[in-house]
Amino acid sequence: MEAGLCTPCNIQICEVTCDSFRIMWDMTPEDTARATHFFIDLSRKDNRDPNRFKHRDVPTKLVAKAVPLPMAVRGHWFLSPRTEYCVAVQTAVRQPDGDYLVSEWSQVIEFCTGDYAIEHLEQLMDKAKGSAGRLLKFSVFYRNQHPDYFNYFRNQCGGWMTPALKDNSGSHGSPVNGKLRGVFFSCNTEFDTDPCGTFVKPAHKSIFADFYCMYTAYHYVVLVLAPVGSEGDSFCQTRLPRLDLASNPFLTYSVPQRPGEEPLFCHASDVILEVLYTEPVHLDLGKVEQISGHQLMSLTTANAKKDPSCKVCNISVGR
């Protein structure tokens, strides 16, 4: 009777990305020589809110031919960014009759996948460029909120709107979600009010952060604006693609040509452009007015998830 296989031990996970990882474990020399296949049992960690667009609690059993360790495991069809997983392994020897002699399952190891890498954001940005329409002039950055919001900052913070942590709306793998602080603004050519854009200056970095939709025909583009050398600029340095603020398909800024002139701003049509400004903004730079006929976008989209089936704004990595 053929001797059994030892239980894999000392499981290690390394080189984790948004949709791949490498796994290795200790095997005896005898088992290394005999093993023909590895079985990988991969599932989401229990008692967590699953990404509704992926397999939920159904374990993903992977059968692979034995290869030198560490072994790469990749695939956006079962791995999502920023998601906690449990993994266990078996070693196996395929028998002449097609059945397998298998080891016991190893201990279960937990790990978490990562954010989109900058090359993934560049793919997403290329998709966004395809949806961005012609550039339209505008003069107002605006922020829709209830009056209590503005009253709080005027009375409690000396009039300064302070940066808040970005929520988890949009692409699940965007590096800014839940990590970067800022004040969200939108821009629109429909508003005919006084300029509120003087917080944007040439010494600011324009940075692409996300492109997504939420089961609708229109799409959102999220940009980050950060002063050069600021904490926000440092955060984005190696995580997000940079844009030329004077020339890009989403948001441009032109300095005044003559004394007394206002700067010229243009935004892309055909997408909803949102700007995350990473520094405090004083209310005196603009004015607070009652509006009607417009949703409170920052409230209605809070933590809203991206449509994973949209062919316009998804890329071939974890959603």
# chains A, B, ... in the order shown; residues from 1 in each chain; ligands from 1
$ select_by_dssp --residues "range 40-289 of chain A" --states "alpha helix (DSSP H)" --output "PyMOL selection string"
chain A and resi 118-131+147-156+231-236
$ closest_residue --among "A:Val317, A:Ile109, A:Ala64, A:Val275" --to "Leu121 in chain A" --atoms "only C-alpha atoms"
A:Val317
$ closest_atom_pairs --of "range 115-175 of chain A" --to "range 11-22 of chain A" --cutoff "8 Å" --atoms "only C-alpha atoms" --output "JSON lines"
{"residue": "A:Asp115", "atom": "CA", "partner": "A:Cys18", "partner_atom": "CA", "distance": 5.2}
{"residue": "A:Tyr116", "atom": "CA", "partner": "A:Cys18", "partner_atom": "CA", "distance": 5.7}
{"residue": "A:Ala117", "atom": "CA", "partner": "A:Cys18", "partner_atom": "CA", "distance": 7.6}
{"residue": "A:Gly173", "atom": "CA", "partner": "A:Cys18", "partner_atom": "CA", "distance": 7.1}
$ residues_around --residues "Leu42 in chain A" --least-positions-apart "6" --cutoff "10 Å" --atoms "only C-alpha atoms" --output "JSON list (two decimals) with C-alpha atoms, in the first residue's frame"
[["chain", "number", "residue", "atom", "x", "y", "z"],
["A", 58, "VAL", "CA", -18.90, 29.22, -2.02],
["A", 59, "PRO", "CA", -15.31, 27.98, -1.65],
["A", 60, "THR", "CA", -13.24, 28.09, -4.81],
["A", 61, "LYS", "CA", -11.38, 24.80, -5.24],
["A", 62, "LEU", "CA", -8.38, 25.11, -7.52],
["A", 78, "PHE", "CA", -12.73, 34.87, -8.17],
["A", 79, "LEU", "CA", -10.40, 37.40, -6.53],
["A", 85, "TYR", "CA", -9.70, 35.49, 2.14],
["A", 86, "CYS", "CA", -9.02, 32.16, 3.81],
["A", 87, "VAL", "CA", -6.84, 29.60, 2.07],
["A", 88, "ALA", "CA", -5.81, 26.00, 2.77],
["A", 89, "VAL", "CA", -3.87, 23.49, 0.66],
["A", 108, "VAL", "CA", -6.22, 27.81, 7.24],
["A", 109, "ILE", "CA", -4.31, 31.03, 6.52],
["A", 110, "GLU", "CA", -5.95, 34.45, 6.20]]
$ residues_around --residues "Asn168 in chain A" --least-positions-apart "3" --cutoff "9 Å" --atoms "only C-alpha atoms" --output "list in words"
Ser171, His172, Ser174, Val176, Asn177, Gly178, Ala302, Asn303, Ala304 and Lys305 of chain A
$ atom_distance --atom1 "CA of Arg154 in chain A" --atom2 "CA of Leu283 in chain A"
7.5 Å
$ decode --residues "range 239-267 of chain A" --atoms "N, CA and C atoms" --output "PDB file, in the first residue's frame"
ATOM      1  N   ARG A 239       0.805  55.921  -6.248  1.00  0.00           N
ATOM      2  CA  ARG A 239      -0.425  55.136  -6.305  1.00  0.00           C
ATOM      3  C   ARG A 239      -1.331  55.480  -7.481  1.00  0.00           C
ATOM      4  N   LEU A 240      -1.285  56.739  -7.959  1.00  0.00           N
ATOM      5  CA  LEU A 240      -2.255  57.207  -8.945  1.00  0.00           C
ATOM      6  C   LEU A 240      -1.566  57.898 -10.112  1.00  0.00           C
ATOM      7  N   PRO A 241      -2.154  57.819 -11.316  1.00  0.00           N
ATOM      8  CA  PRO A 241      -1.566  58.490 -12.483  1.00  0.00           C
ATOM      9  C   PRO A 241      -1.719  60.007 -12.394  1.00  0.00           C
ATOM     10  N   ARG A 242      -0.666  60.728 -12.766  1.00  0.00           N
ATOM     11  CA  ARG A 242      -0.690  62.183 -12.752  1.00  0.00           C
ATOM     12  C   ARG A 242      -1.246  62.723 -14.069  1.00  0.00           C
ATOM     13  N   LEU A 243      -1.858  63.894 -13.988  1.00  0.00           N
ATOM     14  CA  LEU A 243      -2.373  64.596 -15.156  1.00  0.00           C
ATOM     15  C   LEU A 243      -1.718  65.965 -15.247  1.00  0.00           C
ATOM     16  N   ASP A 244      -1.651  66.495 -16.445  1.00  0.00           N
ATOM     17  CA  ASP A 244      -1.203  67.867 -16.653  1.00  0.00           C
ATOM     18  C   ASP A 244      -2.411  68.772 -16.442  1.00  0.00           C
ATOM     19  N   LEU A 245      -2.380  69.599 -15.401  1.00  0.00           N
ATOM     20  CA  LEU A 245      -3.538  70.435 -15.074  1.00  0.00           C
ATOM     21  C   LEU A 245      -3.872  71.409 -16.197  1.00  0.00           C
ATOM     22  N   ALA A 246      -2.891  71.739 -17.013  1.00  0.00           N
ATOM     23  CA  ALA A 246      -3.138  72.674 -18.115  1.00  0.00           C
ATOM     24  C   ALA A 246      -3.696  71.981 -19.353  1.00  0.00           C
ATOM     25  N   SER A 247      -3.529  70.650 -19.438  1.00  0.00           N
ATOM     26  CA  SER A 247      -3.951  69.952 -20.651  1.00  0.00           C
ATOM     27  C   SER A 247      -4.238  68.488 -20.338  1.00  0.00           C
ATOM     28  N   ASN A 248      -5.514  68.155 -20.184  1.00  0.00           N
ATOM     29  CA  ASN A 248      -5.943  66.776 -20.003  1.00  0.00           C
ATOM     30  C   ASN A 248      -7.415  66.686 -20.389  1.00  0.00           C
ATOM     31  N   PRO A 249      -7.973  65.493 -20.565  1.00  0.00           N
ATOM     32  CA  PRO A 249      -9.349  65.378 -21.074  1.00  0.00           C
ATOM     33  C   PRO A 249     -10.443  65.634 -20.043  1.00  0.00           C
ATOM     34  N   PHE A 250     -10.090  65.844 -18.766  1.00  0.00           N
ATOM     35  CA  PHE A 250     -11.106  65.878 -17.714  1.00  0.00           C
ATOM     36  C   PHE A 250     -11.312  67.257 -17.087  1.00  0.00           C
ATOM     37  N   LEU A 251     -10.242  67.893 -16.659  1.00  0.00           N
ATOM     38  CA  LEU A 251     -10.331  69.181 -15.971  1.00  0.00           C
ATOM     39  C   LEU A 251      -9.070  69.980 -16.265  1.00  0.00           C
ATOM     40  N   THR A 252      -9.245  71.186 -16.796  1.00  0.00           N
ATOM     41  CA  THR A 252      -8.081  72.022 -17.094  1.00  0.00           C
ATOM     42  C   THR A 252      -8.197  73.364 -16.386  1.00  0.00           C
ATOM     43  N   TYR A 253      -7.038  73.942 -16.122  1.00  0.00           N
ATOM     44  CA  TYR A 253      -6.935  75.242 -15.456  1.00  0.00           C
ATOM     45  C   TYR A 253      -5.970  76.100 -16.260  1.00  0.00           C
ATOM     46  N   SER A 254      -6.413  77.291 -16.627  1.00  0.00           N
ATOM     47  CA  SER A 254      -5.552  78.240 -17.340  1.00  0.00           C
ATOM     48  C   SER A 254      -5.393  79.486 -16.488  1.00  0.00           C
ATOM     49  N   VAL A 255      -4.160  79.917 -16.302  1.00  0.00           N
ATOM     50  CA  VAL A 255      -3.899  81.084 -15.458  1.00  0.00           C
ATOM     51  C   VAL A 255      -4.415  82.344 -16.149  1.00  0.00           C
ATOM     52  N   PRO A 256      -4.815  83.357 -15.376  1.00  0.00           N
ATOM     53  CA  PRO A 256      -5.266  84.625 -15.973  1.00  0.00           C
ATOM     54  C   PRO A 256      -4.163  85.250 -16.829  1.00  0.00           C
ATOM     55  N   GLN A 257      -4.558  85.808 -17.960  1.00  0.00           N
ATOM     56  CA  GLN A 257      -3.594  86.417 -18.873  1.00  0.00           C
ATOM     57  C   GLN A 257      -3.374  87.897 -18.590  1.00  0.00           C
ATOM     58  N   ARG A 258      -4.363  88.535 -17.937  1.00  0.00           N
ATOM     59  CA  ARG A 258      -4.270  89.967 -17.655  1.00  0.00           C
ATOM     60  C   ARG A 258      -4.680  90.221 -16.212  1.00  0.00           C
ATOM     61  N   PRO A 259      -4.186  91.303 -15.622  1.00  0.00           N
ATOM     62  CA  PRO A 259      -4.591  91.649 -14.250  1.00  0.00           C
ATOM     63  C   PRO A 259      -6.109  91.808 -14.157  1.00  0.00           C
ATOM     64  N   GLY A 260      -6.675  91.257 -13.104  1.00  0.00           N
ATOM     65  CA  GLY A 260      -8.113  91.368 -12.892  1.00  0.00           C
ATOM     66  C   GLY A 260      -8.926  90.263 -13.528  1.00  0.00           C
ATOM     67  N   GLU A 261      -8.318  89.464 -14.404  1.00  0.00           N
ATOM     68  CA  GLU A 261      -9.039  88.360 -15.026  1.00  0.00           C
ATOM     69  C   GLU A 261      -9.142  87.172 -14.067  1.00  0.00           C
ATOM     70  N   GLU A 262     -10.208  86.407 -14.230  1.00  0.00           N
ATOM     71  CA  GLU A 262     -10.372  85.176 -13.468  1.00  0.00           C
ATOM     72  C   GLU A 262      -9.666  84.031 -14.198  1.00  0.00           C
ATOM     73  N   PRO A 263      -9.214  83.016 -13.464  1.00  0.00           N
ATOM     74  CA  PRO A 263      -8.662  81.836 -14.135  1.00  0.00           C
ATOM     75  C   PRO A 263      -9.741  81.143 -14.956  1.00  0.00           C
ATOM     76  N   LEU A 264      -9.329  80.425 -15.977  1.00  0.00           N
ATOM     77  CA  LEU A 264     -10.270  79.727 -16.851  1.00  0.00           C
ATOM     78  C   LEU A 264     -10.253  78.239 -16.527  1.00  0.00           C
ATOM     79  N   PHE A 265     -11.436  77.713 -16.217  1.00  0.00           N
ATOM     80  CA  PHE A 265     -11.587  76.290 -15.954  1.00  0.00           C
ATOM     81  C   PHE A 265     -12.424  75.653 -17.058  1.00  0.00           C
ATOM     82  N   CYS A 266     -12.076  74.421 -17.417  1.00  0.00           N
ATOM     83  CA  CYS A 266     -12.884  73.636 -18.353  1.00  0.00           C
ATOM     84  C   CYS A 266     -13.039  72.225 -17.794  1.00  0.00           C
ATOM     85  N   HIS A 267     -14.229  71.655 -17.968  1.00  0.00           N
ATOM     86  CA  HIS A 267     -14.452  70.283 -17.516  1.00  0.00           C
ATOM     87  C   HIS A 267     -15.018  69.455 -18.656  1.00  0.00           C
TER      88      HIS A 267
END
